[in-house]
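Next comes my_file.txt, with compact mmCIF, N, CA and C atoms and all ligand atoms.
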# COMPACT_ATOMS: atom_id res chain seq x y z
N MET I 1 26.64 15.90 -44.49
CA MET I 1 26.06 15.29 -43.31
C MET I 1 24.60 14.92 -43.58
N LYS I 2 24.24 13.72 -43.17
CA LYS I 2 22.86 13.27 -43.40
C LYS I 2 22.16 13.11 -42.05
N ILE I 3 21.00 13.74 -41.92
CA ILE I 3 20.20 13.61 -40.70
C ILE I 3 18.79 13.15 -41.08
N SER I 4 18.31 12.16 -40.37
CA SER I 4 16.95 11.68 -40.61
C SER I 4 16.06 12.13 -39.46
N ILE I 5 14.89 12.65 -39.79
CA ILE I 5 13.90 13.03 -38.77
C ILE I 5 12.74 12.06 -38.89
N ILE I 6 12.56 11.27 -37.83
CA ILE I 6 11.55 10.21 -37.85
C ILE I 6 10.48 10.52 -36.81
N ASN I 7 9.25 10.54 -37.26
CA ASN I 7 8.12 10.81 -36.37
C ASN I 7 7.16 9.64 -36.32
N GLY I 8 6.71 9.34 -35.11
CA GLY I 8 5.81 8.21 -34.89
C GLY I 8 4.35 8.59 -34.90
N PRO I 9 3.53 7.78 -34.25
CA PRO I 9 2.07 7.88 -34.35
C PRO I 9 1.50 9.22 -33.90
N ASN I 10 0.55 9.66 -34.69
CA ASN I 10 -0.25 10.88 -34.43
C ASN I 10 0.51 12.18 -34.62
N LEU I 11 1.79 12.08 -34.95
CA LEU I 11 2.54 13.33 -35.15
C LEU I 11 2.18 13.99 -36.48
N ASN I 12 1.54 13.22 -37.37
CA ASN I 12 1.00 13.81 -38.60
C ASN I 12 -0.17 14.74 -38.28
N LEU I 13 -0.71 14.65 -37.07
CA LEU I 13 -1.87 15.48 -36.70
C LEU I 13 -1.49 16.71 -35.88
N VAL I 14 -0.17 16.92 -35.70
CA VAL I 14 0.24 18.12 -34.96
C VAL I 14 -0.24 19.36 -35.74
N GLY I 15 -0.84 20.27 -35.00
CA GLY I 15 -1.46 21.44 -35.65
C GLY I 15 -2.96 21.38 -35.45
N VAL I 16 -3.46 20.14 -35.40
CA VAL I 16 -4.90 19.89 -35.24
C VAL I 16 -5.14 19.23 -33.87
N ARG I 17 -4.24 18.31 -33.53
CA ARG I 17 -4.38 17.50 -32.32
C ARG I 17 -4.00 18.32 -31.08
N GLU I 18 -4.84 18.30 -30.07
CA GLU I 18 -4.55 18.94 -28.77
C GLU I 18 -3.65 20.18 -28.91
N PRO I 19 -4.16 21.23 -29.55
CA PRO I 19 -3.30 22.41 -29.78
C PRO I 19 -2.77 23.05 -28.51
N GLY I 20 -3.50 22.85 -27.39
CA GLY I 20 -3.02 23.40 -26.11
C GLY I 20 -1.71 22.76 -25.67
N ILE I 21 -1.45 21.54 -26.16
CA ILE I 21 -0.22 20.83 -25.80
C ILE I 21 0.82 20.92 -26.92
N TYR I 22 0.35 20.70 -28.17
CA TYR I 22 1.31 20.57 -29.28
C TYR I 22 1.37 21.81 -30.20
N GLY I 23 0.54 22.82 -29.91
CA GLY I 23 0.54 24.02 -30.75
C GLY I 23 -0.36 23.88 -31.95
N SER I 24 -0.52 24.97 -32.67
CA SER I 24 -1.46 24.94 -33.80
C SER I 24 -0.76 24.98 -35.15
N ARG I 25 0.55 24.85 -35.15
CA ARG I 25 1.27 24.81 -36.43
C ARG I 25 1.49 23.36 -36.86
N SER I 26 1.32 23.09 -38.14
CA SER I 26 1.51 21.71 -38.60
C SER I 26 3.01 21.37 -38.58
N LEU I 27 3.30 20.13 -38.21
CA LEU I 27 4.69 19.69 -38.11
C LEU I 27 5.35 19.67 -39.50
N ASN I 28 4.60 19.26 -40.50
CA ASN I 28 5.12 19.24 -41.88
C ASN I 28 5.61 20.61 -42.30
N ASP I 29 4.77 21.60 -41.99
CA ASP I 29 5.06 22.97 -42.34
C ASP I 29 6.34 23.43 -41.61
N TYR I 30 6.39 23.13 -40.33
CA TYR I 30 7.56 23.51 -39.52
C TYR I 30 8.83 22.83 -40.05
N LEU I 31 8.74 21.52 -40.33
CA LEU I 31 9.94 20.78 -40.74
C LEU I 31 10.42 21.22 -42.12
N ALA I 32 9.47 21.58 -42.99
CA ALA I 32 9.85 22.07 -44.33
C ALA I 32 10.70 23.33 -44.19
N GLU I 33 10.33 24.19 -43.24
CA GLU I 33 11.09 25.41 -43.00
C GLU I 33 12.44 25.11 -42.33
N LEU I 34 12.40 24.17 -41.39
CA LEU I 34 13.63 23.80 -40.66
C LEU I 34 14.72 23.31 -41.62
N VAL I 35 14.35 22.42 -42.53
CA VAL I 35 15.37 21.84 -43.42
C VAL I 35 16.01 22.91 -44.31
N GLN I 36 15.24 23.95 -44.62
CA GLN I 36 15.78 25.05 -45.44
C GLN I 36 16.85 25.84 -44.70
N GLN I 37 16.80 25.79 -43.37
CA GLN I 37 17.78 26.55 -42.57
C GLN I 37 19.14 25.86 -42.54
N TYR I 38 19.20 24.64 -43.05
CA TYR I 38 20.47 23.88 -43.02
C TYR I 38 20.80 23.35 -44.42
N PRO I 39 21.20 24.27 -45.32
CA PRO I 39 21.45 23.85 -46.70
C PRO I 39 22.56 22.81 -46.84
N ASP I 40 23.45 22.74 -45.84
CA ASP I 40 24.56 21.78 -45.94
C ASP I 40 24.21 20.39 -45.42
N VAL I 41 23.03 20.28 -44.84
CA VAL I 41 22.62 18.98 -44.29
C VAL I 41 21.63 18.34 -45.26
N GLU I 42 21.83 17.05 -45.49
CA GLU I 42 20.88 16.30 -46.32
C GLU I 42 19.88 15.63 -45.36
N PHE I 43 18.62 16.04 -45.45
CA PHE I 43 17.61 15.52 -44.52
C PHE I 43 16.74 14.44 -45.18
N THR I 44 16.35 13.46 -44.37
CA THR I 44 15.30 12.51 -44.76
C THR I 44 14.19 12.69 -43.74
N LEU I 45 12.98 12.94 -44.21
CA LEU I 45 11.83 13.10 -43.29
C LEU I 45 10.91 11.89 -43.44
N PHE I 46 10.49 11.35 -42.30
CA PHE I 46 9.65 10.16 -42.34
C PHE I 46 8.66 10.21 -41.18
N GLN I 47 7.41 9.82 -41.46
CA GLN I 47 6.41 9.70 -40.38
C GLN I 47 5.61 8.43 -40.63
N SER I 48 5.33 7.69 -39.54
CA SER I 48 4.43 6.55 -39.66
C SER I 48 3.69 6.35 -38.35
N ASN I 49 2.49 5.82 -38.49
CA ASN I 49 1.69 5.46 -37.31
C ASN I 49 1.95 4.01 -36.90
N HIS I 50 2.88 3.34 -37.59
CA HIS I 50 3.08 1.90 -37.39
C HIS I 50 4.48 1.60 -36.83
N GLU I 51 4.51 0.83 -35.79
CA GLU I 51 5.77 0.52 -35.11
C GLU I 51 6.80 -0.13 -36.05
N GLY I 52 6.35 -1.14 -36.80
CA GLY I 52 7.26 -1.86 -37.71
C GLY I 52 7.82 -0.95 -38.79
N ALA I 53 7.01 -0.02 -39.27
CA ALA I 53 7.48 0.91 -40.32
C ALA I 53 8.55 1.85 -39.75
N ILE I 54 8.40 2.22 -38.50
CA ILE I 54 9.40 3.09 -37.85
C ILE I 54 10.71 2.30 -37.70
N ILE I 55 10.60 1.05 -37.32
CA ILE I 55 11.79 0.19 -37.19
C ILE I 55 12.46 0.00 -38.55
N ASP I 56 11.66 -0.24 -39.59
CA ASP I 56 12.23 -0.38 -40.94
C ASP I 56 13.01 0.88 -41.32
N GLN I 57 12.44 2.04 -41.01
CA GLN I 57 13.11 3.30 -41.37
C GLN I 57 14.39 3.50 -40.56
N LEU I 58 14.33 3.18 -39.26
CA LEU I 58 15.54 3.29 -38.44
C LEU I 58 16.65 2.39 -39.00
N GLN I 59 16.28 1.19 -39.41
CA GLN I 59 17.29 0.26 -39.97
C GLN I 59 17.83 0.78 -41.30
N LEU I 60 16.94 1.41 -42.08
CA LEU I 60 17.33 1.90 -43.41
C LEU I 60 18.37 3.02 -43.32
N VAL I 61 18.16 3.95 -42.40
CA VAL I 61 19.06 5.12 -42.32
C VAL I 61 20.13 4.96 -41.24
N GLY I 62 19.95 3.99 -40.35
CA GLY I 62 20.73 3.92 -39.12
C GLY I 62 22.18 3.54 -39.25
N PHE I 63 22.60 3.10 -40.46
CA PHE I 63 24.01 2.73 -40.62
C PHE I 63 24.78 3.70 -41.51
N ASP I 64 24.07 4.60 -42.17
CA ASP I 64 24.84 5.54 -43.02
C ASP I 64 24.53 7.01 -42.74
N HIS I 65 23.53 7.31 -41.90
CA HIS I 65 23.28 8.71 -41.57
C HIS I 65 24.14 9.13 -40.37
N SER I 66 24.40 10.43 -40.29
CA SER I 66 25.23 10.94 -39.18
C SER I 66 24.43 10.98 -37.88
N GLY I 67 23.11 11.07 -37.99
CA GLY I 67 22.30 11.11 -36.78
C GLY I 67 20.83 11.05 -37.10
N ILE I 68 20.05 10.76 -36.07
CA ILE I 68 18.61 10.60 -36.23
C ILE I 68 17.89 11.39 -35.13
N VAL I 69 16.91 12.18 -35.54
CA VAL I 69 16.01 12.86 -34.60
C VAL I 69 14.75 11.98 -34.56
N LEU I 70 14.47 11.41 -33.41
CA LEU I 70 13.34 10.49 -33.33
C LEU I 70 12.31 10.97 -32.31
N ASN I 71 11.11 11.26 -32.80
CA ASN I 71 9.98 11.46 -31.90
C ASN I 71 9.09 10.23 -32.11
N ALA I 72 9.24 9.27 -31.22
CA ALA I 72 8.50 8.01 -31.37
C ALA I 72 7.08 8.11 -30.83
N GLY I 73 6.66 9.32 -30.42
CA GLY I 73 5.30 9.48 -29.89
C GLY I 73 5.07 8.53 -28.74
N ALA I 74 3.89 7.97 -28.66
CA ALA I 74 3.54 7.09 -27.54
C ALA I 74 4.39 5.82 -27.49
N TYR I 75 4.96 5.41 -28.64
CA TYR I 75 5.83 4.21 -28.62
C TYR I 75 7.02 4.40 -27.69
N THR I 76 7.41 5.65 -27.48
CA THR I 76 8.49 5.97 -26.54
C THR I 76 8.29 5.23 -25.23
N HIS I 77 7.04 5.19 -24.80
CA HIS I 77 6.75 4.73 -23.44
C HIS I 77 6.61 3.22 -23.31
N TYR I 78 6.57 2.51 -24.44
CA TYR I 78 6.40 1.05 -24.29
C TYR I 78 7.03 0.18 -25.36
N SER I 79 7.75 0.77 -26.31
CA SER I 79 8.26 -0.09 -27.39
C SER I 79 9.69 -0.60 -27.13
N ILE I 80 9.76 -1.83 -26.67
CA ILE I 80 11.07 -2.48 -26.51
C ILE I 80 11.67 -2.73 -27.89
N ALA I 81 10.81 -2.99 -28.88
CA ALA I 81 11.31 -3.27 -30.24
C ALA I 81 12.03 -2.05 -30.81
N ILE I 82 11.51 -0.86 -30.59
CA ILE I 82 12.19 0.35 -31.08
C ILE I 82 13.48 0.57 -30.29
N ALA I 83 13.44 0.32 -28.97
CA ALA I 83 14.66 0.46 -28.16
C ALA I 83 15.75 -0.50 -28.66
N ASP I 84 15.38 -1.74 -28.94
CA ASP I 84 16.34 -2.72 -29.45
C ASP I 84 16.94 -2.26 -30.78
N CYS I 85 16.09 -1.70 -31.63
CA CYS I 85 16.55 -1.24 -32.94
C CYS I 85 17.55 -0.10 -32.80
N ILE I 86 17.26 0.84 -31.89
CA ILE I 86 18.18 1.97 -31.67
C ILE I 86 19.54 1.44 -31.21
N ARG I 87 19.52 0.39 -30.38
CA ARG I 87 20.78 -0.20 -29.92
C ARG I 87 21.52 -0.92 -31.05
N ALA I 88 20.75 -1.41 -32.03
CA ALA I 88 21.35 -2.19 -33.12
C ALA I 88 22.04 -1.32 -34.17
N ILE I 89 21.53 -0.10 -34.35
CA ILE I 89 22.07 0.75 -35.42
C ILE I 89 23.28 1.55 -34.89
N THR I 90 24.00 2.19 -35.81
CA THR I 90 25.22 2.90 -35.39
C THR I 90 25.03 4.41 -35.27
N ALA I 91 24.05 4.97 -35.94
CA ALA I 91 23.85 6.43 -35.89
C ALA I 91 23.31 6.84 -34.51
N PRO I 92 23.81 7.96 -33.96
CA PRO I 92 23.26 8.43 -32.69
C PRO I 92 21.82 8.92 -32.88
N VAL I 93 20.99 8.58 -31.90
CA VAL I 93 19.56 8.93 -31.98
C VAL I 93 19.25 9.91 -30.85
N VAL I 94 18.59 11.01 -31.19
CA VAL I 94 18.14 11.97 -30.19
C VAL I 94 16.65 11.73 -29.94
N GLU I 95 16.31 11.31 -28.72
CA GLU I 95 14.90 11.17 -28.35
C GLU I 95 14.33 12.59 -28.22
N THR I 96 13.31 12.85 -29.00
CA THR I 96 12.79 14.21 -29.11
C THR I 96 11.29 14.24 -28.83
N HIS I 97 10.86 15.23 -28.05
CA HIS I 97 9.42 15.43 -27.79
C HIS I 97 9.07 16.91 -27.86
N ILE I 98 7.88 17.16 -28.36
CA ILE I 98 7.37 18.53 -28.43
C ILE I 98 7.02 19.01 -27.02
N SER I 99 6.30 18.17 -26.30
CA SER I 99 5.83 18.55 -24.96
C SER I 99 6.85 18.13 -23.90
N ASN I 100 6.69 18.67 -22.71
CA ASN I 100 7.55 18.26 -21.60
C ASN I 100 6.91 17.04 -20.94
N VAL I 101 7.32 15.88 -21.41
CA VAL I 101 6.70 14.63 -20.97
C VAL I 101 6.82 14.43 -19.44
N MET I 102 7.87 14.99 -18.85
CA MET I 102 8.07 14.82 -17.40
C MET I 102 7.06 15.61 -16.57
N GLU I 103 6.38 16.56 -17.22
CA GLU I 103 5.37 17.34 -16.49
C GLU I 103 3.97 16.88 -16.83
N ARG I 104 3.85 15.75 -17.51
CA ARG I 104 2.53 15.25 -17.89
C ARG I 104 2.19 13.98 -17.09
N GLU I 105 1.27 13.18 -17.59
CA GLU I 105 0.83 11.99 -16.85
C GLU I 105 2.03 11.09 -16.53
N SER I 106 1.91 10.32 -15.44
CA SER I 106 3.07 9.53 -14.98
C SER I 106 3.49 8.48 -16.01
N PHE I 107 2.54 7.96 -16.82
CA PHE I 107 2.96 6.95 -17.81
C PHE I 107 3.89 7.54 -18.86
N ARG I 108 3.87 8.88 -19.02
CA ARG I 108 4.78 9.51 -19.99
C ARG I 108 6.17 9.76 -19.39
N HIS I 109 6.31 9.53 -18.09
CA HIS I 109 7.64 9.74 -17.47
C HIS I 109 8.56 8.58 -17.80
N VAL I 110 7.96 7.46 -18.21
CA VAL I 110 8.76 6.28 -18.55
C VAL I 110 9.14 6.34 -20.02
N SER I 111 10.45 6.20 -20.29
CA SER I 111 10.89 6.08 -21.68
C SER I 111 11.62 4.76 -21.84
N MET I 112 11.08 3.91 -22.72
CA MET I 112 11.75 2.63 -22.99
C MET I 112 12.99 2.85 -23.85
N ILE I 113 13.05 3.99 -24.53
CA ILE I 113 14.14 4.19 -25.51
C ILE I 113 15.27 5.07 -24.99
N LYS I 114 15.02 5.76 -23.88
CA LYS I 114 15.98 6.77 -23.37
C LYS I 114 17.41 6.24 -23.25
N ASP I 115 17.56 5.08 -22.64
CA ASP I 115 18.92 4.57 -22.40
C ASP I 115 19.63 4.16 -23.69
N ALA I 116 18.85 3.93 -24.73
CA ALA I 116 19.46 3.56 -26.01
C ALA I 116 19.83 4.80 -26.84
N CYS I 117 19.27 5.96 -26.44
CA CYS I 117 19.49 7.19 -27.21
C CYS I 117 20.70 7.96 -26.70
N ALA I 118 21.24 8.82 -27.57
CA ALA I 118 22.42 9.61 -27.20
C ALA I 118 22.04 10.71 -26.21
N THR I 119 20.88 11.31 -26.37
CA THR I 119 20.39 12.34 -25.46
C THR I 119 18.88 12.50 -25.64
N VAL I 120 18.28 13.31 -24.78
CA VAL I 120 16.82 13.55 -24.86
C VAL I 120 16.59 15.05 -24.91
N ILE I 121 15.75 15.49 -25.83
CA ILE I 121 15.36 16.91 -25.90
C ILE I 121 13.84 16.96 -25.92
N ALA I 122 13.26 17.62 -24.92
CA ALA I 122 11.79 17.62 -24.80
C ALA I 122 11.31 18.91 -24.18
N GLY I 123 10.13 19.33 -24.61
CA GLY I 123 9.46 20.42 -23.91
C GLY I 123 9.66 21.80 -24.51
N TYR I 124 10.25 21.89 -25.69
CA TYR I 124 10.49 23.20 -26.31
C TYR I 124 9.51 23.47 -27.45
N GLY I 125 8.40 22.76 -27.45
CA GLY I 125 7.48 22.91 -28.58
C GLY I 125 8.15 22.37 -29.84
N LEU I 126 7.79 22.91 -31.00
CA LEU I 126 8.39 22.43 -32.25
C LEU I 126 9.89 22.72 -32.29
N ASP I 127 10.32 23.72 -31.53
CA ASP I 127 11.75 24.05 -31.48
C ASP I 127 12.60 22.90 -30.95
N SER I 128 11.97 21.91 -30.31
CA SER I 128 12.72 20.71 -29.88
C SER I 128 13.43 20.08 -31.07
N TYR I 129 12.79 20.09 -32.26
CA TYR I 129 13.41 19.47 -33.44
C TYR I 129 14.68 20.23 -33.86
N ARG I 130 14.61 21.57 -33.84
CA ARG I 130 15.79 22.37 -34.22
C ARG I 130 16.93 22.10 -33.23
N ARG I 131 16.56 22.05 -31.94
CA ARG I 131 17.58 21.80 -30.91
C ARG I 131 18.20 20.42 -31.09
N ALA I 132 17.40 19.45 -31.49
CA ALA I 132 17.92 18.09 -31.71
C ALA I 132 18.88 18.08 -32.91
N VAL I 133 18.51 18.80 -33.96
CA VAL I 133 19.40 18.90 -35.14
C VAL I 133 20.70 19.57 -34.73
N GLU I 134 20.62 20.66 -33.98
CA GLU I 134 21.83 21.37 -33.50
C GLU I 134 22.71 20.45 -32.67
N TRP I 135 22.07 19.65 -31.82
CA TRP I 135 22.83 18.73 -30.97
C TRP I 135 23.61 17.75 -31.85
N LEU I 136 22.95 17.23 -32.87
CA LEU I 136 23.61 16.26 -33.76
C LEU I 136 24.76 16.91 -34.53
N ILE I 137 24.54 18.14 -35.01
CA ILE I 137 25.60 18.83 -35.76
C ILE I 137 26.80 19.05 -34.85
N GLU I 138 26.56 19.54 -33.64
CA GLU I 138 27.63 19.80 -32.66
C GLU I 138 28.40 18.52 -32.35
N ASN I 139 27.67 17.45 -32.10
CA ASN I 139 28.30 16.22 -31.62
C ASN I 139 28.94 15.42 -32.74
N ALA I 140 28.44 15.57 -33.95
CA ALA I 140 29.06 14.89 -35.09
C ALA I 140 30.42 15.55 -35.37
N LYS I 141 30.50 16.86 -35.13
CA LYS I 141 31.75 17.61 -35.36
C LYS I 141 32.86 17.09 -34.46
N LYS I 142 32.48 16.71 -33.25
CA LYS I 142 33.47 16.28 -32.25
C LYS I 142 34.09 14.94 -32.60
N LYS I 143 33.43 14.20 -33.48
CA LYS I 143 33.92 12.85 -33.79
C LYS I 143 35.18 12.88 -34.65
C1 LIG Q 1 5.13 13.29 -27.68
C2 LIG Q 1 4.82 12.90 -26.23
C3 LIG Q 1 4.22 11.52 -26.15
O1 LIG Q 1 3.93 11.19 -24.80
C4 LIG Q 1 2.94 11.45 -26.95
O2 LIG Q 1 2.42 10.13 -26.93
C5 LIG Q 1 3.09 11.96 -28.33
C6 LIG Q 1 3.91 13.14 -28.57
C7 LIG Q 1 5.65 14.73 -27.81
O3 LIG Q 1 6.20 15.06 -28.86
O4 LIG Q 1 5.48 15.54 -26.90
O5 LIG Q 1 2.48 11.46 -29.26
O6 LIG Q 1 6.15 12.42 -28.16

Can I see the file as structure tokens?
Ligand code: DQA
Amino acid sequence: MKISIINGPNLNLVGVREPGIYGSRSLNDYLAELVQQYPDVEFTLFQSNHEGAIIDQLQLVGFDHSGIVLNAGAYTHYSIAIADCIRAITAPVVETHISNVMERESFRHVSMIKDACATVIAGYGLDSYRRAVEWLIENAKKK
């Protein structure tokens, strides 16, 4: 099983950025540990601050991976291009957030990508990524 974890803008700064919201552990460090917990899964990890690069990566993995964990960061709230791409690919995408976006500013309550995604997991801190991986493993089994 192949799972791609794609992170958008500023997620490379998790650990340093707003630790009261995102925690003080680096995402790289957390993801390196997460992938070790699933020796049977082949992971691809990708992060970019650029919308087009995220779309390129979604297109690259979106037709042969079993699923995608996507934290599109702020693009979640306004990128129609990413939403269109999620609709174009065949792999199920889990919209994932570290923070509980529904309890934050009102502009974060809007997700342009939600309806294109298979499900949304948000608000569990870094554990949101593990939960998203579990969701994909569970749901890929059912197919
Ligand atoms: C985020 C929430 C977004 O609103 C924000 O722009 C981010 C991170 C999260 O993981 O909680 O960059 O996606």

Residues at most 6.5 Å from ligand LIG 1 (chain Q), using only N, CA and C atoms and all ligand atoms? Could they come as a list of chain:residue names?
-> I:Pro9, I:Asn10, I:Leu11, I:Asn71, I:Ala72, I:Gly73, I:Ala74, I:Tyr75, I:Thr96, I:His97, I:Ile98, I:Ser99, I:Asn100, I:Val101, I:Arg108, I:Gly123

If you run DSSP on the backbone, which residues of stretch 19-71 of chain I are helix (DSSP H, G or I), as a VMD selection string?
-> chain I and resid 19 to 22 27 to 36 51 to 61

If we count only N, CA and C atoms, what is near I:Ala140 at a cut-off of 8 Å, once residues fewer than 4 positions away on the same chain are taken out, given as an MDAnalysis selection string?
-> chainID I and resid 66:67 134:136

Skipping near chain neighbours, those fewer than 4 positions away, what residues fall within 7 Å of stretch 50-61 of chain I using only C-alpha atoms, listed as a PyMOL selection string?
-> chain I and resi 8-9+65+82+85+89

Rounded to one decimal in Å, what is the spacing between atom CA of I:Ala88 and atom CA of I:Ile137?
->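 Between these atoms lies a distance of 21.6 Å.
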
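A straight line drawn from atom N of I:His77 to atom N of I:His109 is 8.0 Å long.
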
Near I:Lys2, within 8 Å and counting all atoms listed in the file, which residues show up once chain neighbours fewer than 3 positions away are dropped, as number ranges by chain?
-> I: 5, 40-44, 64-68

DSSP strand (DSSP E or B) residues within chain I, listed as a PyMOL selection string | chain I and resi 2-7+14+17+42-47+67-71+93-97+119-122

Atom N of I:Thr90 to atom N of I:Arg131, distance in Å rounded to a single decimal |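 If I compute the distance from atom N of I:Thr90 to atom N of I:Arg131, I get 21.6 Å.
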
For I:Tyr22, work out the shell of residues within 6.5 Å, counting only N, CA and C atoms and skipping chain neighbours fewer than 4 positions away, then give it as a list of chain:residue names.
->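 Near I:Tyr22, the qualifying residues are I:Val14, I:Gly15, I:Arg17, I:Glu18, I:Ile98, I:Ser99, I:Gly125.
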
May I have the residues at most 8 Å from (13.3, 13.7, -35.5) in the file's coordinates, counting only C-alpha atoms, as a list in words?
-> Ser4, Ile5, Ile6, Asn7, Leu45, Ile68, Val69, Leu70, Asn71, Val94, Glu95, Thr96, Tyr129 and Ala132 of chain I

Could you name the residues that touch I:Ala83 at 7 Å or less, counting only C-alpha atoms, but leaving out those on the same chain fewer than 6 positions away, as an MDAnalysis selection string?
-> chainID I and resid 112:113 116
